[in-house]
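Trainee: Here it is: the structure, laid out below.
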Amino acid sequence: MKPLDLLLAVLVAIIWGVNFTFIKWGIESFEPIMMTAMRFFFTAIPLIFVIKRPKFTLTFFIYAIGTFAIQYGLLFYAMHLGASAGLSALILQVQVFITIFLAYLLLGEGINRWQILGLVISVLGLALIGFNLGGDIPAMSFICILLSATGWSFGNIASKKLMDNSPISLVVWGGLVVSVLMMAMSLILEPNAWTIQTFINASVKSWLSLSFIVYISTLAGFGLWVYLLQCNEAAKIMPFALLVPVVGMFASVILTAEAMTWWKVVAMVLIMLGLMVSRKPVKI
């Protein structure tokens, strides 16, 4: 793995970790499906007029719906129901294990013994979180985040089959497709959300949060992530996503006063240890 790719993977993890706090602030003013639709609408417009459209294949739609609609629609809804930013970031990382398994099953990518050991250690960290679920993660939120992670995993695998397209074109045009889908869903499920008063009464913090989510997390973050997946094996890239919950937890503690308990600290240590172990390059 190139040193530049290593630095980019860490940068994406930091952006996405802080992003959970911005999501929490955004849904203070906007309904979750509505916010998902706006996120990807502003991601696509006006860039669709200057960025070449990728071929609208089945793989492209799997990527767009899995990575954007399922992942973020369900994640926003889970946080709307009461899931904290920090724990949402931690639980979502089950997508790492699903992606590596799918890459092995569908793409024939190898898995080495250190990656297996690292994943086992990281699972212990996630299990510790699971044993301490309660007020920060309602049951329905937990289920939604697991389904969100599954959608992201299928999107990751689909992106490996879209290497003839530029990462930014996948993000922008995928965002356009998803914005139409999510807007239609929101108009049906959240009919009272699309009023002039909603936009007038939205706080400055929510609007700034939406801007960060669109331009930094989505355009920059996903563009870099697709590039990394296309240029490296999924098993080498996916462990860096384990940094996201660590950043997410500390950002939530600092910015939203989320409680930092002993088990959250232990869980983060296990996840970081799993990341370091999984990067050993010994094949089996």
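We label chains A, B, ... in the order they appear in the structure tokens, count residues from 1 in each chain, and number ligands from 1 in the order shown.
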With only C-alpha atoms as the counted atoms, please give the residues lying no more than 12 Å from A:Asp5, apart from itself and same-chain residues fewer than 6 positions off, as a PyMOL selection string.
Mentor: chain A and resi 11-12+224-233+236-237+240
Trainee: Which residues of stretch 206-263 of chain A have any atom within 10 Å of an atom in stretch 41-50 of chain A when counting only C-alpha atoms, and what is the closest pair of atoms for each, with the distance in Å to one decimal? Order the rows by chain and rising number and write it as JSON lines.
Mentor:
```
{"residue": "A:Leu210", "atom": "CA", "partner": "A:Phe42", "partner_atom": "CA", "distance": 9.3}
{"residue": "A:Ser211", "atom": "CA", "partner": "A:Phe42", "partner_atom": "CA", "distance": 8.7}
{"residue": "A:Ile213", "atom": "CA", "partner": "A:Thr43", "partner_atom": "CA", "distance": 9.2}
{"residue": "A:Val214", "atom": "CA", "partner": "A:Thr43", "partner_atom": "CA", "distance": 5.6}
{"residue": "A:Tyr215", "atom": "CA", "partner": "A:Thr43", "partner_atom": "CA", "distance": 6.9}
{"residue": "A:Thr218", "atom": "CA", "partner": "A:Thr43", "partner_atom": "CA", "distance": 7.2}
{"residue": "A:Leu219", "atom": "CA", "partner": "A:Thr43", "partner_atom": "CA", "distance": 6.7}
```
Trainee: Write a file of the just-selected residues containing N, CA and C atoms, as a tab-separated table (two decimals), in the first residue's frame.
Mentor:
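Saved as out.tsv:
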```tsv
chain	number	residue	atom	x	y	z
A	210	LEU	N	-25.27	20.42	7.33
A	210	LEU	CA	-25.62	19.87	6.02
A	210	LEU	C	-24.53	20.19	5.00
A	211	SER	N	-23.97	21.39	5.06
A	211	SER	CA	-22.90	21.78	4.13
A	211	SER	C	-21.66	20.91	4.32
A	213	ILE	N	-21.59	17.87	5.59
A	213	ILE	CA	-21.95	16.51	5.17
A	213	ILE	C	-21.90	16.37	3.65
A	214	VAL	N	-22.37	17.40	2.94
A	214	VAL	CA	-22.41	17.35	1.47
A	214	VAL	C	-21.02	17.45	0.87
A	215	TYR	N	-20.29	18.52	1.21
A	215	TYR	CA	-19.08	18.85	0.47
A	215	TYR	C	-17.82	18.19	1.03
A	218	THR	N	-19.28	13.78	1.91
A	218	THR	CA	-19.74	13.03	0.74
A	218	THR	C	-18.81	13.18	-0.45
A	219	LEU	N	-18.63	14.40	-0.95
A	219	LEU	CA	-17.83	14.60	-2.15
A	219	LEU	C	-16.36	14.23	-1.92
```
Trainee: Just asking: which residues within stretch 51-157 of chain A are alpha helix (DSSP H) according to DSSP, as a PDB file with C-alpha atoms, in the first residue's frame?
Mentor:
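Contents of states.pdb, as written:
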```pdb
ATOM      1  CA  LEU A  58     -27.031  -2.762 -12.403  1.00  0.00           C
ATOM      2  CA  THR A  59     -23.702  -2.570 -10.567  1.00  0.00           C
ATOM      3  CA  PHE A  60     -23.928   1.227 -10.508  1.00  0.00           C
ATOM      4  CA  PHE A  61     -27.410   1.130  -8.980  1.00  0.00           C
ATOM      5  CA  ILE A  62     -26.278  -1.430  -6.370  1.00  0.00           C
ATOM      6  CA  TYR A  63     -23.424   0.908  -5.476  1.00  0.00           C
ATOM      7  CA  ALA A  64     -25.614   4.010  -5.269  1.00  0.00           C
ATOM      8  CA  GLN A  71     -26.524   3.305   4.536  1.00  0.00           C
ATOM      9  CA  TYR A  72     -27.458   6.915   5.180  1.00  0.00           C
ATOM     10  CA  GLY A  73     -31.223   6.685   5.117  1.00  0.00           C
ATOM     11  CA  LEU A  74     -31.165   4.093   7.894  1.00  0.00           C
ATOM     12  CA  LEU A  75     -28.293   5.725   9.781  1.00  0.00           C
ATOM     13  CA  PHE A  76     -30.065   9.099   9.861  1.00  0.00           C
ATOM     14  CA  TYR A  77     -33.262   7.383  10.989  1.00  0.00           C
ATOM     15  CA  ALA A  78     -31.408   5.506  13.745  1.00  0.00           C
ATOM     16  CA  MET A  79     -29.931   8.742  15.069  1.00  0.00           C
ATOM     17  CA  HIS A  80     -33.320  10.428  14.763  1.00  0.00           C
ATOM     18  CA  ALA A  85     -23.235  10.017  17.483  1.00  0.00           C
ATOM     19  CA  GLY A  86     -20.368   8.141  19.128  1.00  0.00           C
ATOM     20  CA  LEU A  87     -22.063   4.760  19.441  1.00  0.00           C
ATOM     21  CA  SER A  88     -23.564   5.061  15.962  1.00  0.00           C
ATOM     22  CA  ALA A  89     -20.048   5.437  14.605  1.00  0.00           C
ATOM     23  CA  LEU A  90     -18.870   2.403  16.560  1.00  0.00           C
ATOM     24  CA  ILE A  91     -21.691   0.024  15.656  1.00  0.00           C
ATOM     25  CA  VAL A  94     -19.616  -4.039  11.421  1.00  0.00           C
ATOM     26  CA  GLN A  95     -19.498  -3.168   7.708  1.00  0.00           C
ATOM     27  CA  VAL A  96     -15.751  -3.858   7.794  1.00  0.00           C
ATOM     28  CA  PHE A  97     -16.314  -7.531   8.490  1.00  0.00           C
ATOM     29  CA  ILE A  98     -19.183  -7.843   6.027  1.00  0.00           C
ATOM     30  CA  THR A  99     -17.149  -6.202   3.252  1.00  0.00           C
ATOM     31  CA  ILE A 100     -14.079  -8.399   3.742  1.00  0.00           C
ATOM     32  CA  PHE A 101     -16.295 -11.501   3.774  1.00  0.00           C
ATOM     33  CA  LEU A 102     -18.116 -10.391   0.608  1.00  0.00           C
ATOM     34  CA  ARG A 113      -4.098 -14.782   9.266  1.00  0.00           C
ATOM     35  CA  TRP A 114      -3.384 -11.346  10.716  1.00  0.00           C
ATOM     36  CA  GLN A 115      -6.504  -9.914   9.163  1.00  0.00           C
ATOM     37  CA  ILE A 116      -8.541 -12.730  10.683  1.00  0.00           C
ATOM     38  CA  LEU A 117      -6.957 -12.190  14.104  1.00  0.00           C
ATOM     39  CA  GLY A 118      -7.417  -8.429  13.824  1.00  0.00           C
ATOM     40  CA  LEU A 119     -11.070  -8.825  12.939  1.00  0.00           C
ATOM     41  CA  VAL A 120     -11.623 -11.166  15.891  1.00  0.00           C
ATOM     42  CA  ILE A 121     -10.080  -8.628  18.276  1.00  0.00           C
ATOM     43  CA  SER A 122     -12.195  -5.849  16.802  1.00  0.00           C
ATOM     44  CA  VAL A 123     -15.334  -7.970  17.098  1.00  0.00           C
ATOM     45  CA  LEU A 124     -14.632  -8.212  20.835  1.00  0.00           C
ATOM     46  CA  GLY A 125     -14.726  -4.417  20.970  1.00  0.00           C
ATOM     47  CA  LEU A 126     -18.034  -4.315  19.125  1.00  0.00           C
ATOM     48  CA  ALA A 127     -19.400  -7.097  21.340  1.00  0.00           C
ATOM     49  CA  LEU A 128     -18.548  -5.053  24.432  1.00  0.00           C
ATOM     50  CA  ILE A 129     -20.639  -2.240  23.009  1.00  0.00           C
ATOM     51  CA  GLY A 130     -23.453  -4.677  22.339  1.00  0.00           C
ATOM     52  CA  PHE A 131     -23.498  -5.844  25.947  1.00  0.00           C
ATOM     53  CA  ALA A 139     -33.225  -1.416  19.974  1.00  0.00           C
ATOM     54  CA  MET A 140     -34.704  -0.148  16.706  1.00  0.00           C
ATOM     55  CA  SER A 141     -31.723   2.158  16.207  1.00  0.00           C
ATOM     56  CA  PHE A 142     -29.369  -0.794  16.671  1.00  0.00           C
ATOM     57  CA  ILE A 143     -31.219  -2.813  14.005  1.00  0.00           C
ATOM     58  CA  CYS A 144     -31.249   0.130  11.599  1.00  0.00           C
ATOM     59  CA  ILE A 145     -27.504   0.664  11.964  1.00  0.00           C
ATOM     60  CA  LEU A 146     -26.783  -3.024  11.293  1.00  0.00           C
ATOM     61  CA  LEU A 147     -28.879  -2.848   8.117  1.00  0.00           C
ATOM     62  CA  SER A 148     -27.135   0.411   7.249  1.00  0.00           C
ATOM     63  CA  ALA A 149     -23.766  -1.346   7.535  1.00  0.00           C
ATOM     64  CA  THR A 150     -24.945  -4.141   5.250  1.00  0.00           C
ATOM     65  CA  GLY A 151     -25.951  -1.634   2.580  1.00  0.00           C
ATOM     66  CA  TRP A 152     -22.554   0.061   2.786  1.00  0.00           C
ATOM     67  CA  SER A 153     -20.802  -3.307   2.419  1.00  0.00           C
ATOM     68  CA  PHE A 154     -22.601  -4.182  -0.802  1.00  0.00           C
ATOM     69  CA  GLY A 155     -21.804  -0.698  -2.083  1.00  0.00           C
ATOM     70  CA  ASN A 156     -18.117  -1.245  -1.327  1.00  0.00           C
ATOM     71  CA  ILE A 157     -18.083  -4.470  -3.324  1.00  0.00           C
TER      72      ILE A 157
END
```
Trainee: For a quick check of understanding, using only C-alpha atoms, which of A:Glu109, A:Asp164, A:Glu190, A:Asp136 has the smallest distance to A:Ile33?
Mentor: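 Of A:Glu109, A:Asp164, A:Glu190, A:Asp136, the one nearest A:Ile33 is A:Glu190, counting only C-alpha atoms.
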Trainee: Grab the atom CA of A:Ser252 to atom CA of A:Phe20 distance for me, in Å with one decimal place.
Mentor: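 Computed distance, atom CA of A:Ser252 to atom CA of A:Phe20, equals 7.8 Å.
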Trainee: Separation of atom CA of A:Met183 and atom CA of A:Phe40, in Å?
Mentor: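 Atom CA of A:Phe40 lies at a distance of 9.9 Å from atom CA of A:Met183.
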Trainee: Can you measure atom CA of A:Phe250 to atom CA of A:Leu8 for me? One decimal in Å is fine.
Mentor: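 According to the coordinates, atom CA of A:Phe250 and atom CA of A:Leu8 are separated by 20.3 Å.
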Trainee: So which one's closest to A:Ala158, A:Val180, A:Val265, A:Val204, A:Leu107? Using only C-alpha atoms, please.
Mentor: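 Among the listed residues, the smallest separation from A:Ala158 belongs to A:Leu107.
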